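As structure tokens, the structure follows; a few thoughts come after it.
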Amino acid sequence: MTLFRRVLIANRGEIAVRLIRGCHELGIEAVAIYSEADATAPHVLCADDAVCVGPPPSAESYLNIERTIDAARQTKAEAIHPGYGFLAENAAFARAVSDAGLTFIGPRAEAIAAMGDKVAARKLVVKAGVPVVPAVEDVADASQLPRVAADIGYPLLIKAAAGGGGKGMRIVRSEADLAPAFAAAAREAQSAFGDGRLFVERYLERPRHIEVQVLGDQHGNLVHFGERECSIQRRHQKIIEETPSPALTPALREQMTAAAVAAARSVNYSNAGTVEFLLDQDGRFYFLEMNTRLQVEHPVTEWVNGIDLVHAQLRVAAGERLWLQQDDIRPRGHSIECRIYAEDAAQTFLPSPGTILHLREPGGPGVRVDSGIRAGYTVPIFYDPMLAKVSVWGETRDAAWRRMIAALREYVVLGCTTSIPFLLDVLDHPAFASGDTHTHFIEEHFPSWRGREQHRVIAAIAAAIDTTRPQRAATAGATAAPASPWATLGHWRVGAGG
Amino acid sequence: MTLFRRVLIANRGEIAVRLIRGCHELGIEAVAIYSEADATAPHVLCADDAVCVGPPPSAESYLNIERTIDAARQTKAEAIHPGYGFLAENAAFARAVSDAGLTFIGPRAEAIAAMGDKVAARKLVVKAGVPVVPAVEDVADASQLPRVAADIGYPLLIKAAAGGGGKGMRIVRSEADLAPAFAAAAREAQSAFGDGRLFVERYLERPRHIEVQVLGDQHGNLVHFGERECSIQRRHQKIIEETPSPALTPALREQMTAAAVAAARSVNYSNAGTVEFLLDQDGRFYFLEMNTRLQVEHPVTEWVNGIDLVHAQLRVAAGERLWLQQDDIRPRGHSIECRIYAEDAAQTFLPSPGTILHLREPGGPGVRVDSGIRAGYTVPIFYDPMLAKVSVWGETRDAAWRRMIAALREYVVLGCTTSIPFLLDVLDHPAFASGDTHTHFIEEHFPSWRGREQHRVIAAIAAAIDTTRPQRAATAGATAAPASPWATLGHWRVGAGG
Amino acid sequence: MRISLRHKQHHIAVDVHPEGGSYRIGIGETEHVVEAHYIDETTMMLVVDGRRHHVAIARKGKERLVAIDGEIYQFAPESGSAGHVATFAPPEIIAPMPGKVLQVLVKAGDHVAAGDGLLILEAMKMENRLVAEAAGTVTEVRVTEGAMVDGGQVLVVMKYDE
Amino acid sequence: MRISLRHKQHHIAVDVHPEGGSYRIGIGETEHVVEAHYIDETTMMLVVDGRRHHVAIARKGKERLVAIDGEIYQFAPESGSAGHVATFAPPEIIAPMPGKVLQVLVKAGDHVAAGDGLLILEAMKMENRLVAEAAGTVTEVRVTEGAMVDGGQVLVVMKYDE
């Protein structure tokens, strides 16, 4: 099977870097696109070629279908990989790519469209025998709300019919909050997806978010790679994911993966996709949505199943038949991922972009970092504030958990506030350690986190000593300079005893 | 099972960093030792405590048994991990550790002693039914040589009875070279191991180096983790290792792993160890030696088997029973490791220490870097010039091979000459790509390598442009400075087309 | 030498006394014996009362950013005698980044509890709710709905309850 | 502006002509159109005749160390007109690192072939064989067996055959 000679990566940040690496490993040249804010972003530097597609705002660059396809044409790319976010779940884009004679690395446009409309998707999977949450679909205006709410019962969840990723979502616990939440959700949905339609459903108390990775070829073969649990969320966005889920019995896993495969088959799904479910406290599960693209958290599936999902995407997109039967897929051990955001968890997770003054990434056995930054890089204010992802593998959940804690303690990012200290506190929480996780975990256990400051005195001592030190330069750069007069190295000795 | 509270790491460099990480992941504090040349070495920085054990030469520091044990006592460490090299295969050290009431993380001293004397080890394994190469043992002086040589037949291999790692080894192809080779080998053996005794054996033409990883507990249970092929060597030291070996059929693997287990059982082996074999071109294998310690190349076994060998060492040393049966161990995919040395392959692999001016390590899926350096670090001249190891995993040998090439092309080490360009040329060689490897691979295919310089013109352009640029400072440091007047960023565009 | 630092709401006065190759460091009533070794410009090894700490440090003007064991601190120098460690919330609510004011939730004179929303700022594609760090009275609202604001711009001024 | 560089035995003369935001670069008979972008002090993005190259660069005095795609180059500046690219072996055999001279294999006046051993230096725990890069005559041996030498010290001087 001949793969592509050159592929355009229609994305930025860590996922673009990861996709470019995946191409290079298969002997494929990778073309980056970039906005004017990203001319020297890490993904541009590792690509074989790069094309500017417009000004910084994503609506004018990374969401510009025409310029993206033009870039592929100019650079003679034969296929386009959309990554996640941006144009990844845009059926019109997938169609435009095909119409331009290029290969879209993802499912057919019809499958994207079918699953992209949450209302239509729900109907489809119900027909395929997949359970769904009680809900009322397509609430067009606020006047219908009180009746809808009464039908379903509080608490309610309002979400965008067109979207994903937490944008346009609101939880409503009482009628008083209904109207303002609806207005805000509609505004966000309109601005994020150009479609203000909303969807109201019963809100499950303390459910787990469980999703199943599927992979199909263009010849009707489809396998799954087990589940991921992504219950740890803030602002309705995942921040810690793992596989296997501590909550799944073999019997439940069997049922949920079968439901996922049924949902995918209902739209003749090909390429990589994810079927998301909520699992309630009584072990009942409900279809949430299907993400018709590679997922941020795909590394945990790769670790445990010994699969490279990006290679797989490229191969099935090129027409290759699946080389794996379901029985060949044997998960091993446990994997956890943490997303590193430039945000301040002590300030309602406000984004905190800035210039990376100093960076030291963790490494060693069982630790993978997918990074979209480098030392000296200024995180642009125009895009999602995720800087990198750390994923680990361990023989058991306990081993993976300990390894993640060790890795995050090694990780140094100075220049912007990151979620690392918060993630460490979440990991340290006894409820996380024992696998007692659910989507309200953060609200419940960290309603007003103020910071992890176990070493405040040591840090103050370091800052004070450094303040008394004669400065070499006024610049804020990280400099690996030769020994200074203050470096009293050589024969020194510490430790208990003499 | 309670593990140790605190462990002393009697080593330096990448392996000390890896062992400290392994301790931290199990909730164990790690104490480093260091020579005066290593006060700020990476392994010292990541330890919880550190003790200076002497001046730079290893004989006065890392090989000093008394000071090492004193350091453990002072810091209240309960166990000592020796890593590889230095005191790792020193039975007297293992005994002294036990006598001090501490746990030696490795096999019993008797097993080290039995396998440490190559002559005695050979007799032992022969009794256990393991095949060995025709040889004459313990050649005390040069006068016996011509007779010995005639008995075995040329080519011959002379090696130290006490040692390993290529030190004190010589190949002799004709009688004329016999006496000088013997003298040089005896000198190296004496200086490296304090024991000048030599061992002469038939030298196999184009054999493969195949070794088997074993792991035993203190209760008589012993498993193996399959083989590693380490045929790519220079100066008789491995530089590229992989598992599985492209040469092994399931039947041959069965035989070799059974022989390895028999060899290990012959000394009641506990903890991690490696049984080395040569495999000739006719598929016959011969016991070479048993390394009674963790091996440099252990990561490839970890990748493929889903095991953390350092965790396993700590657990069995603490008395835990093996938690794995042989049937539980199921290798998956393929792994390759490359050792990154500070050496000049174009100059007979001369060591090339220096100060690391710029460092960028590869990362992403399936790539692991075990590093003993950092930017700004000066590689000391006193120790082995290995800087780091890169290991990769792929679903197939081809996938792992491509990933390794991509990783090495990403790897930037400036400040000393490294083996990276040479490794890339070795990987690129069709004989490596097809798995046609043997221990004379480098001599045969790269008798006079002069450098990999496909980009010499581009590099010269970069150097010339940088030379014309006004310098900010005279120091040789790597500086992440803000944009300079020469950085013409912003809206720029390259690529074919417009 | 007294170094007065602020990290978030914490005021910390550190008395630094160099002594031979090491330091006596006073913080509050406690005195520490400290050895400080610069590994390079951004890495310090501190030995504080016999315990080793591996600290990363970066400089942003007069500020010191410190990372230790996964934690992050940002210290700004303070002048004057700040010998006490007290809870302190800055009275000016500042835009953490450039964005658009979607909604203003308070007006001058309003009394708010800690955690009450003050305004909603759209930035990085998200609606961000800026809240009061402590209970107090809104003395001034400097922006209107729909306004584009710069990072660092003062949005609301508070007077916290005593 | 002509920049004359040496990398190992290669002499390379590079004519650098800034032109607007980019360069015309002449090497030998070939002319290249080059855009150079500094990402930071150690990273350059070069676009040479339309192809992008990601280059890492470090400075060691007047030397330039360049890494590109896993390859490493070390360029030293040369004065004078070195417009030719010729094979050149330095006549002075230099200790690559500190060590001990174990054995001297040649004496002044000896003629050696390319690859012949000159002496054996023990360093980094290994016996290192220093060899002649080209055929020639040994004109001087500056060390004796057993001597400790510094890195950079001249050990043997050669006169290569024409």
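Numbering starts fresh at 1 for the residues of each chain in the structure tokens, the chains themselves are lettered A, B, ... in the order given, and ligands are numbered from 1 as they appear.
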* Asked: If we count only C-alpha atoms, which residues of chain C reach to within 12 Å of chain B? Please list them as a PyMOL selection string.
  -> chain C and resi 37-48+50-56+58+68-69
* Exercise: Ala123 in chain C partners within 7 Å, only C-alpha atoms, chain neighbours under 5 positions left out, as an MDAnalysis selection string -> chainID C and resid 98:100
Residues as selected, all heavy atoms, written as an mmCIF file, in the first residue's frame, can you do that?
data_model
loop_
_atom_site.group_PDB
_atom_site.id
_atom_site.type_symbol
_atom_site.label_atom_id
_atom_site.label_comp_id
_atom_site.auth_asym_id
_atom_site.auth_seq_id
_atom_site.Cartn_x
_atom_site.Cartn_y
_atom_site.Cartn_z
ATOM 1 N N PRO C 98 -5.790 40.251 27.313
ATOM 2 C CA PRO C 98 -6.656 41.050 26.451
ATOM 3 C C PRO C 98 -7.953 40.295 26.185
ATOM 4 O O PRO C 98 -7.949 39.077 26.113
ATOM 5 C CB PRO C 98 -5.847 41.183 25.157
ATOM 6 C CG PRO C 98 -4.464 40.738 25.492
ATOM 7 C CD PRO C 98 -4.573 39.807 26.641
ATOM 8 N N GLY C 99 -9.020 41.007 26.024
ATOM 9 C CA GLY C 99 -10.290 40.338 25.764
ATOM 10 C C GLY C 99 -11.411 41.356 25.641
ATOM 11 O O GLY C 99 -11.182 42.566 25.554
ATOM 12 N N LYS C 100 -12.627 40.816 25.643
ATOM 13 C CA LYS C 100 -13.799 41.665 25.449
ATOM 14 C C LYS C 100 -14.709 41.526 26.679
ATOM 15 O O LYS C 100 -14.956 40.401 27.140
ATOM 16 C CB LYS C 100 -14.540 41.172 24.194
ATOM 17 C CG LYS C 100 -15.767 41.969 23.827
ATOM 18 C CD LYS C 100 -16.362 41.388 22.546
ATOM 19 C CE LYS C 100 -17.737 41.980 22.246
ATOM 20 N NZ LYS C 100 -18.366 41.272 21.115
#
* Among range 433-470 of chain B, which residues carry a DSSP assignment of helix (DSSP H, G or I), reported as a list in words? -> Ala433, Phe441, Ile442, Glu443, Glu444, His445, Arg456, Val457, Ile458, Ala459, Ala460, Ile461, Ala462, Ala463, Ala464, Ile465, Asp466 and Thr467 of chain B
Take the residues just selected and output them with N, CA, C and O atoms as a PDB file, in the first residue's frame.
ATOM      1  N   ALA B 433      18.774  -2.130   7.907  1.00  0.00           N
ATOM      2  CA  ALA B 433      17.332  -2.076   7.648  1.00  0.00           C
ATOM      3  C   ALA B 433      16.764  -3.475   7.433  1.00  0.00           C
ATOM      4  O   ALA B 433      15.646  -3.766   7.850  1.00  0.00           O
ATOM      5  N   PHE B 441      29.710  -5.743  12.159  1.00  0.00           N
ATOM      6  CA  PHE B 441      28.960  -4.884  11.244  1.00  0.00           C
ATOM      7  C   PHE B 441      29.696  -3.565  10.965  1.00  0.00           C
ATOM      8  O   PHE B 441      29.829  -3.144   9.822  1.00  0.00           O
ATOM      9  N   ILE B 442      30.158  -2.924  12.025  1.00  0.00           N
ATOM     10  CA  ILE B 442      30.800  -1.608  11.865  1.00  0.00           C
ATOM     11  C   ILE B 442      32.111  -1.746  11.084  1.00  0.00           C
ATOM     12  O   ILE B 442      32.336  -1.010  10.117  1.00  0.00           O
ATOM     13  N   GLU B 443      32.957  -2.688  11.488  1.00  0.00           N
ATOM     14  CA  GLU B 443      34.216  -2.902  10.753  1.00  0.00           C
ATOM     15  C   GLU B 443      33.944  -3.201   9.287  1.00  0.00           C
ATOM     16  O   GLU B 443      34.672  -2.747   8.407  1.00  0.00           O
ATOM     17  N   GLU B 444      32.919  -4.010   9.041  1.00  0.00           N
ATOM     18  CA  GLU B 444      32.687  -4.457   7.678  1.00  0.00           C
ATOM     19  C   GLU B 444      32.086  -3.349   6.803  1.00  0.00           C
ATOM     20  O   GLU B 444      32.528  -3.127   5.685  1.00  0.00           O
ATOM     21  N   HIS B 445      31.076  -2.659   7.353  1.00  0.00           N
ATOM     22  CA  HIS B 445      30.377  -1.678   6.518  1.00  0.00           C
ATOM     23  C   HIS B 445      30.899  -0.257   6.672  1.00  0.00           C
ATOM     24  O   HIS B 445      30.630   0.591   5.835  1.00  0.00           O
ATOM     25  N   ARG B 456      26.082  19.939   4.277  1.00  0.00           N
ATOM     26  CA  ARG B 456      27.243  20.781   4.534  1.00  0.00           C
ATOM     27  C   ARG B 456      27.063  22.196   3.983  1.00  0.00           C
ATOM     28  O   ARG B 456      27.449  23.173   4.618  1.00  0.00           O
ATOM     29  N   VAL B 457      26.459  22.308   2.821  1.00  0.00           N
ATOM     30  CA  VAL B 457      26.277  23.639   2.219  1.00  0.00           C
ATOM     31  C   VAL B 457      25.323  24.481   3.064  1.00  0.00           C
ATOM     32  O   VAL B 457      25.592  25.654   3.357  1.00  0.00           O
ATOM     33  N   ILE B 458      24.223  23.874   3.503  1.00  0.00           N
ATOM     34  CA  ILE B 458      23.260  24.611   4.330  1.00  0.00           C
ATOM     35  C   ILE B 458      23.922  25.036   5.640  1.00  0.00           C
ATOM     36  O   ILE B 458      23.763  26.171   6.104  1.00  0.00           O
ATOM     37  N   ALA B 459      24.682  24.111   6.220  1.00  0.00           N
ATOM     38  CA  ALA B 459      25.348  24.420   7.487  1.00  0.00           C
ATOM     39  C   ALA B 459      26.342  25.563   7.317  1.00  0.00           C
ATOM     40  O   ALA B 459      26.440  26.457   8.163  1.00  0.00           O
ATOM     41  N   ALA B 460      27.064  25.545   6.196  1.00  0.00           N
ATOM     42  CA  ALA B 460      28.040  26.607   5.949  1.00  0.00           C
ATOM     43  C   ALA B 460      27.336  27.951   5.748  1.00  0.00           C
ATOM     44  O   ALA B 460      27.812  28.993   6.213  1.00  0.00           O
ATOM     45  N   ILE B 461      26.197  27.919   5.089  1.00  0.00           N
ATOM     46  CA  ILE B 461      25.423  29.159   4.913  1.00  0.00           C
ATOM     47  C   ILE B 461      24.994  29.698   6.273  1.00  0.00           C
ATOM     48  O   ILE B 461      25.130  30.900   6.555  1.00  0.00           O
ATOM     49  N   ALA B 462      24.515  28.803   7.144  1.00  0.00           N
ATOM     50  CA  ALA B 462      24.087  29.234   8.477  1.00  0.00           C
ATOM     51  C   ALA B 462      25.266  29.828   9.240  1.00  0.00           C
ATOM     52  O   ALA B 462      25.154  30.896   9.853  1.00  0.00           O
ATOM     53  N   ALA B 463      26.398  29.148   9.196  1.00  0.00           N
ATOM     54  CA  ALA B 463      27.568  29.632   9.935  1.00  0.00           C
ATOM     55  C   ALA B 463      28.034  30.977   9.388  1.00  0.00           C
ATOM     56  O   ALA B 463      28.403  31.885  10.145  1.00  0.00           O
ATOM     57  N   ALA B 464      28.009  31.125   8.058  1.00  0.00           N
ATOM     58  CA  ALA B 464      28.469  32.372   7.447  1.00  0.00           C
ATOM     59  C   ALA B 464      27.545  33.529   7.805  1.00  0.00           C
ATOM     60  O   ALA B 464      28.000  34.612   8.191  1.00  0.00           O
ATOM     61  N   ILE B 465      26.246  33.303   7.704  1.00  0.00           N
ATOM     62  CA  ILE B 465      25.302  34.372   8.042  1.00  0.00           C
ATOM     63  C   ILE B 465      25.455  34.747   9.519  1.00  0.00           C
ATOM     64  O   ILE B 465      25.496  35.919   9.877  1.00  0.00           O
ATOM     65  N   ASP B 466      25.600  33.732  10.374  1.00  0.00           N
ATOM     66  CA  ASP B 466      25.723  34.024  11.794  1.00  0.00           C
ATOM     67  C   ASP B 466      27.018  34.774  12.087  1.00  0.00           C
ATOM     68  O   ASP B 466      27.071  35.600  12.992  1.00  0.00           O
ATOM     69  N   THR B 467      28.050  34.504  11.302  1.00  0.00           N
ATOM     70  CA  THR B 467      29.329  35.191  11.505  1.00  0.00           C
ATOM     71  C   THR B 467      29.220  36.677  11.160  1.00  0.00           C
ATOM     72  O   THR B 467      29.879  37.520  11.779  1.00  0.00           O
TER      73      THR B 467
END
* Rank B:Ala185, B:Leu322, B:Ala317, B:Ala72 by their smallest atom-to-atom distance to chain A, using only C-alpha atoms, and report the top residue only. =>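 Looking at the shortest contact to chain A, the residue is B:Ala72.
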What lies within 10 Å of His111 in chain C using only C-alpha atoms, ignoring chain neighbours under 2 positions off, as a short mmCIF file (atom, residue, chain, number, x, y, z; two decimals) with C-alpha atoms, in the first residue's frame?
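Saved file result-v8.cif follows:
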data_model
loop_
_atom_site.label_atom_id
_atom_site.label_comp_id
_atom_site.auth_asym_id
_atom_site.auth_seq_id
_atom_site.Cartn_x
_atom_site.Cartn_y
_atom_site.Cartn_z
CA VAL C 106 -21.79 44.93 39.50
CA LYS C 107 -21.99 48.71 39.79
CA ALA C 108 -20.23 51.16 42.09
CA GLY C 109 -21.62 50.92 45.59
CA ALA C 113 -19.25 38.52 49.09
CA ASP C 116 -19.19 36.84 43.81
CA ALA C 135 -16.01 40.53 50.65
CA GLY C 136 -16.17 44.29 50.08
CA THR C 137 -17.71 47.22 48.30
CA VAL C 138 -17.30 48.07 44.63
CA THR C 139 -15.94 51.63 44.53
CA MET C 158 -12.85 47.34 45.30
CA LYS C 159 -12.72 48.39 48.93
CA TYR C 160 -12.55 45.25 51.00
CA ASP C 161 -14.30 44.93 54.35
#
* CA of Gln144 in chain A and CA of Glu175 in chain A are how many Å apart? ->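 Those two atoms sit 12.8 Å apart.
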* Fewer than 6 positions away in the same chain doesn't count, so skip those; otherwise give me all residues within 7 Å of Gly54 in chain A, counting only C-alpha atoms, as a PyMOL selection string. => chain A and resi 35-36+60-61
Those same residues - C-alpha atoms - I'd like them written as a PDB file, in the first residue's frame.
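The file below, part_34.pdb, is the result:
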ATOM      1  CA  SER A  35      -1.482  32.259  11.285  1.00  0.00           C
ATOM      2  CA  GLU A  36       0.527  35.467  11.404  1.00  0.00           C
ATOM      3  CA  GLU A  60      -9.443  34.259   9.660  1.00  0.00           C
ATOM      4  CA  SER A  61      -6.711  31.594   9.585  1.00  0.00           C
TER       5      SER A  61
END
* Residues within 7 Å of Tyr154 in chain B, only C-alpha atoms, excluding chain neighbours under 5 positions, as a ChimeraX atom specification -> /B:149,173-174,202
* DSSP strand (DSSP E) residues within range 253-326 of chain A, as JSON, numbers by chain -> {"A": [271, 272, 273, 274, 275, 276, 277, 278, 279, 285, 286, 287, 288, 289, 290, 291]}
Selection file, all heavy atoms, as a short mmCIF file (atom, residue, chain, number, x, y, z; two decimals), in the first residue's frame:
data_model
loop_
_atom_site.label_atom_id
_atom_site.label_comp_id
_atom_site.auth_asym_id
_atom_site.auth_seq_id
_atom_site.Cartn_x
_atom_site.Cartn_y
_atom_site.Cartn_z
N ASN A 271 -11.99 5.53 9.78
CA ASN A 271 -10.93 6.28 10.45
C ASN A 271 -11.15 6.26 11.97
O ASN A 271 -11.93 5.47 12.48
CB ASN A 271 -10.81 7.70 9.90
CG ASN A 271 -9.33 8.14 9.84
OD1 ASN A 271 -8.71 8.36 10.87
ND2 ASN A 271 -8.78 8.22 8.66
N ALA A 272 -10.39 7.11 12.70
CA ALA A 272 -10.45 7.08 14.16
C ALA A 272 -11.58 7.96 14.67
O ALA A 272 -11.81 9.04 14.15
CB ALA A 272 -9.13 7.56 14.76
N GLY A 273 -12.27 7.48 15.69
CA GLY A 273 -13.35 8.26 16.29
C GLY A 273 -13.57 7.82 17.72
O GLY A 273 -13.05 6.79 18.16
N THR A 274 -14.36 8.62 18.44
CA THR A 274 -14.58 8.33 19.85
C THR A 274 -16.06 8.47 20.19
O THR A 274 -16.67 9.48 19.86
CB THR A 274 -13.77 9.30 20.73
OG1 THR A 274 -12.37 9.04 20.50
CG2 THR A 274 -14.07 9.09 22.21
N VAL A 275 -16.58 7.44 20.83
CA VAL A 275 -17.98 7.48 21.26
C VAL A 275 -17.98 7.75 22.76
O VAL A 275 -17.39 6.99 23.54
CB VAL A 275 -18.68 6.15 20.94
CG1 VAL A 275 -20.16 6.24 21.34
CG2 VAL A 275 -18.54 5.83 19.44
N GLU A 276 -18.61 8.88 23.13
CA GLU A 276 -18.60 9.30 24.53
C GLU A 276 -19.89 8.89 25.24
O GLU A 276 -20.98 9.03 24.68
CB GLU A 276 -18.43 10.82 24.63
CG GLU A 276 -17.11 11.30 24.06
CD GLU A 276 -16.83 12.77 24.39
OE1 GLU A 276 -17.81 13.53 24.55
OE2 GLU A 276 -15.65 13.14 24.48
N PHE A 277 -19.72 8.42 26.48
CA PHE A 277 -20.86 8.03 27.30
C PHE A 277 -20.76 8.68 28.67
O PHE A 277 -19.67 9.04 29.13
CB PHE A 277 -20.86 6.52 27.54
CG PHE A 277 -20.97 5.67 26.31
CD1 PHE A 277 -19.84 5.12 25.73
CD2 PHE A 277 -22.21 5.41 25.75
CE1 PHE A 277 -19.94 4.31 24.60
CE2 PHE A 277 -22.32 4.60 24.63
CZ PHE A 277 -21.18 4.05 24.05
N LEU A 278 -21.91 8.80 29.33
CA LEU A 278 -21.90 9.05 30.77
C LEU A 278 -22.29 7.74 31.45
O LEU A 278 -23.16 7.02 30.96
CB LEU A 278 -22.89 10.16 31.15
CG LEU A 278 -22.49 11.57 30.74
CD1 LEU A 278 -23.57 12.56 31.17
CD2 LEU A 278 -21.14 11.95 31.33
N LEU A 279 -21.62 7.47 32.56
CA LEU A 279 -21.90 6.25 33.33
C LEU A 279 -22.42 6.72 34.68
O LEU A 279 -21.71 7.44 35.39
CB LEU A 279 -20.61 5.45 33.49
CG LEU A 279 -20.68 4.19 34.36
CD1 LEU A 279 -21.55 3.12 33.70
CD2 LEU A 279 -19.27 3.66 34.62
N PHE A 285 -25.27 3.31 31.49
CA PHE A 285 -24.53 4.26 30.66
C PHE A 285 -25.40 4.83 29.56
O PHE A 285 -26.39 4.20 29.16
CB PHE A 285 -23.27 3.60 30.07
CG PHE A 285 -23.52 2.45 29.15
CD1 PHE A 285 -23.66 2.66 27.78
CD2 PHE A 285 -23.60 1.15 29.64
CE1 PHE A 285 -23.89 1.60 26.92
CE2 PHE A 285 -23.83 0.09 28.78
CZ PHE A 285 -23.98 0.31 27.42
N TYR A 286 -25.07 6.04 29.14
CA TYR A 286 -25.86 6.79 28.16
C TYR A 286 -24.94 7.41 27.13
O TYR A 286 -23.93 8.03 27.48
CB TYR A 286 -26.62 7.93 28.87
CG TYR A 286 -27.40 7.48 30.07
CD1 TYR A 286 -26.86 7.57 31.35
CD2 TYR A 286 -28.69 6.96 29.93
CE1 TYR A 286 -27.58 7.16 32.47
CE2 TYR A 286 -29.42 6.54 31.04
CZ TYR A 286 -28.86 6.65 32.30
OH TYR A 286 -29.56 6.24 33.40
N PHE A 287 -25.30 7.28 25.89
CA PHE A 287 -24.56 7.93 24.79
C PHE A 287 -24.58 9.45 24.98
O PHE A 287 -25.62 10.03 25.27
CB PHE A 287 -25.23 7.57 23.46
CG PHE A 287 -24.68 8.29 22.26
CD1 PHE A 287 -23.52 7.84 21.64
CD2 PHE A 287 -25.32 9.41 21.74
CE1 PHE A 287 -23.01 8.49 20.52
CE2 PHE A 287 -24.81 10.08 20.62
CZ PHE A 287 -23.65 9.61 20.02
N LEU A 288 -23.43 10.06 24.81
CA LEU A 288 -23.32 11.50 24.96
C LEU A 288 -23.15 12.14 23.58
O LEU A 288 -23.95 12.95 23.16
CB LEU A 288 -22.09 11.78 25.83
CG LEU A 288 -21.99 13.07 26.59
CD1 LEU A 288 -23.18 13.27 27.50
CD2 LEU A 288 -20.71 13.06 27.42
N GLU A 289 -22.08 11.73 22.90
CA GLU A 289 -21.89 12.19 21.53
C GLU A 289 -20.77 11.38 20.92
O GLU A 289 -20.07 10.64 21.61
CB GLU A 289 -21.52 13.68 21.50
CG GLU A 289 -20.23 14.03 22.21
CD GLU A 289 -19.95 15.54 22.20
OE1 GLU A 289 -20.90 16.32 22.10
OE2 GLU A 289 -18.77 15.89 22.28
N MET A 290 -20.62 11.49 19.60
CA MET A 290 -19.48 10.86 18.97
C MET A 290 -18.60 11.96 18.41
O MET A 290 -19.04 12.84 17.69
CB MET A 290 -19.91 9.93 17.84
CG MET A 290 -18.69 9.29 17.17
SD MET A 290 -19.07 7.86 16.14
CE MET A 290 -17.39 7.30 15.77
N ASN A 291 -17.30 11.91 18.77
CA ASN A 291 -16.32 12.84 18.22
C ASN A 291 -15.67 12.20 17.02
O ASN A 291 -15.00 11.18 17.12
CB ASN A 291 -15.28 13.18 19.28
CG ASN A 291 -15.89 13.96 20.43
OD1 ASN A 291 -16.77 14.79 20.22
ND2 ASN A 291 -15.47 13.67 21.64
#
* Please provide as an MDAnalysis selection string all residues within 12 Å of Ile20 in chain B, with the sequence filter that same-chain residues fewer than 6 positions apart are discarded (counting only C-alpha atoms). => (chainID A and resid 364:365 406) or (chainID B and resid 6:14 26:33 42:50 80:83 310:311 314 370)
* If you count only C-alpha atoms, which residues fall within 12 Å of His17 in chain D, apart from same-chain ones fewer than 4 positions away, as a ChimeraX atom specification? -> /B:461,464-465,468 /D:1-3,21-27,31-35
* Among listed residues B:Asp308, B:Asn221, B:His429, B:Gly363, nearest Lys389 in chain A (using only C-alpha atoms) ->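 Distance minimum relative to Lys389 in chain A lands on B:Gly363.
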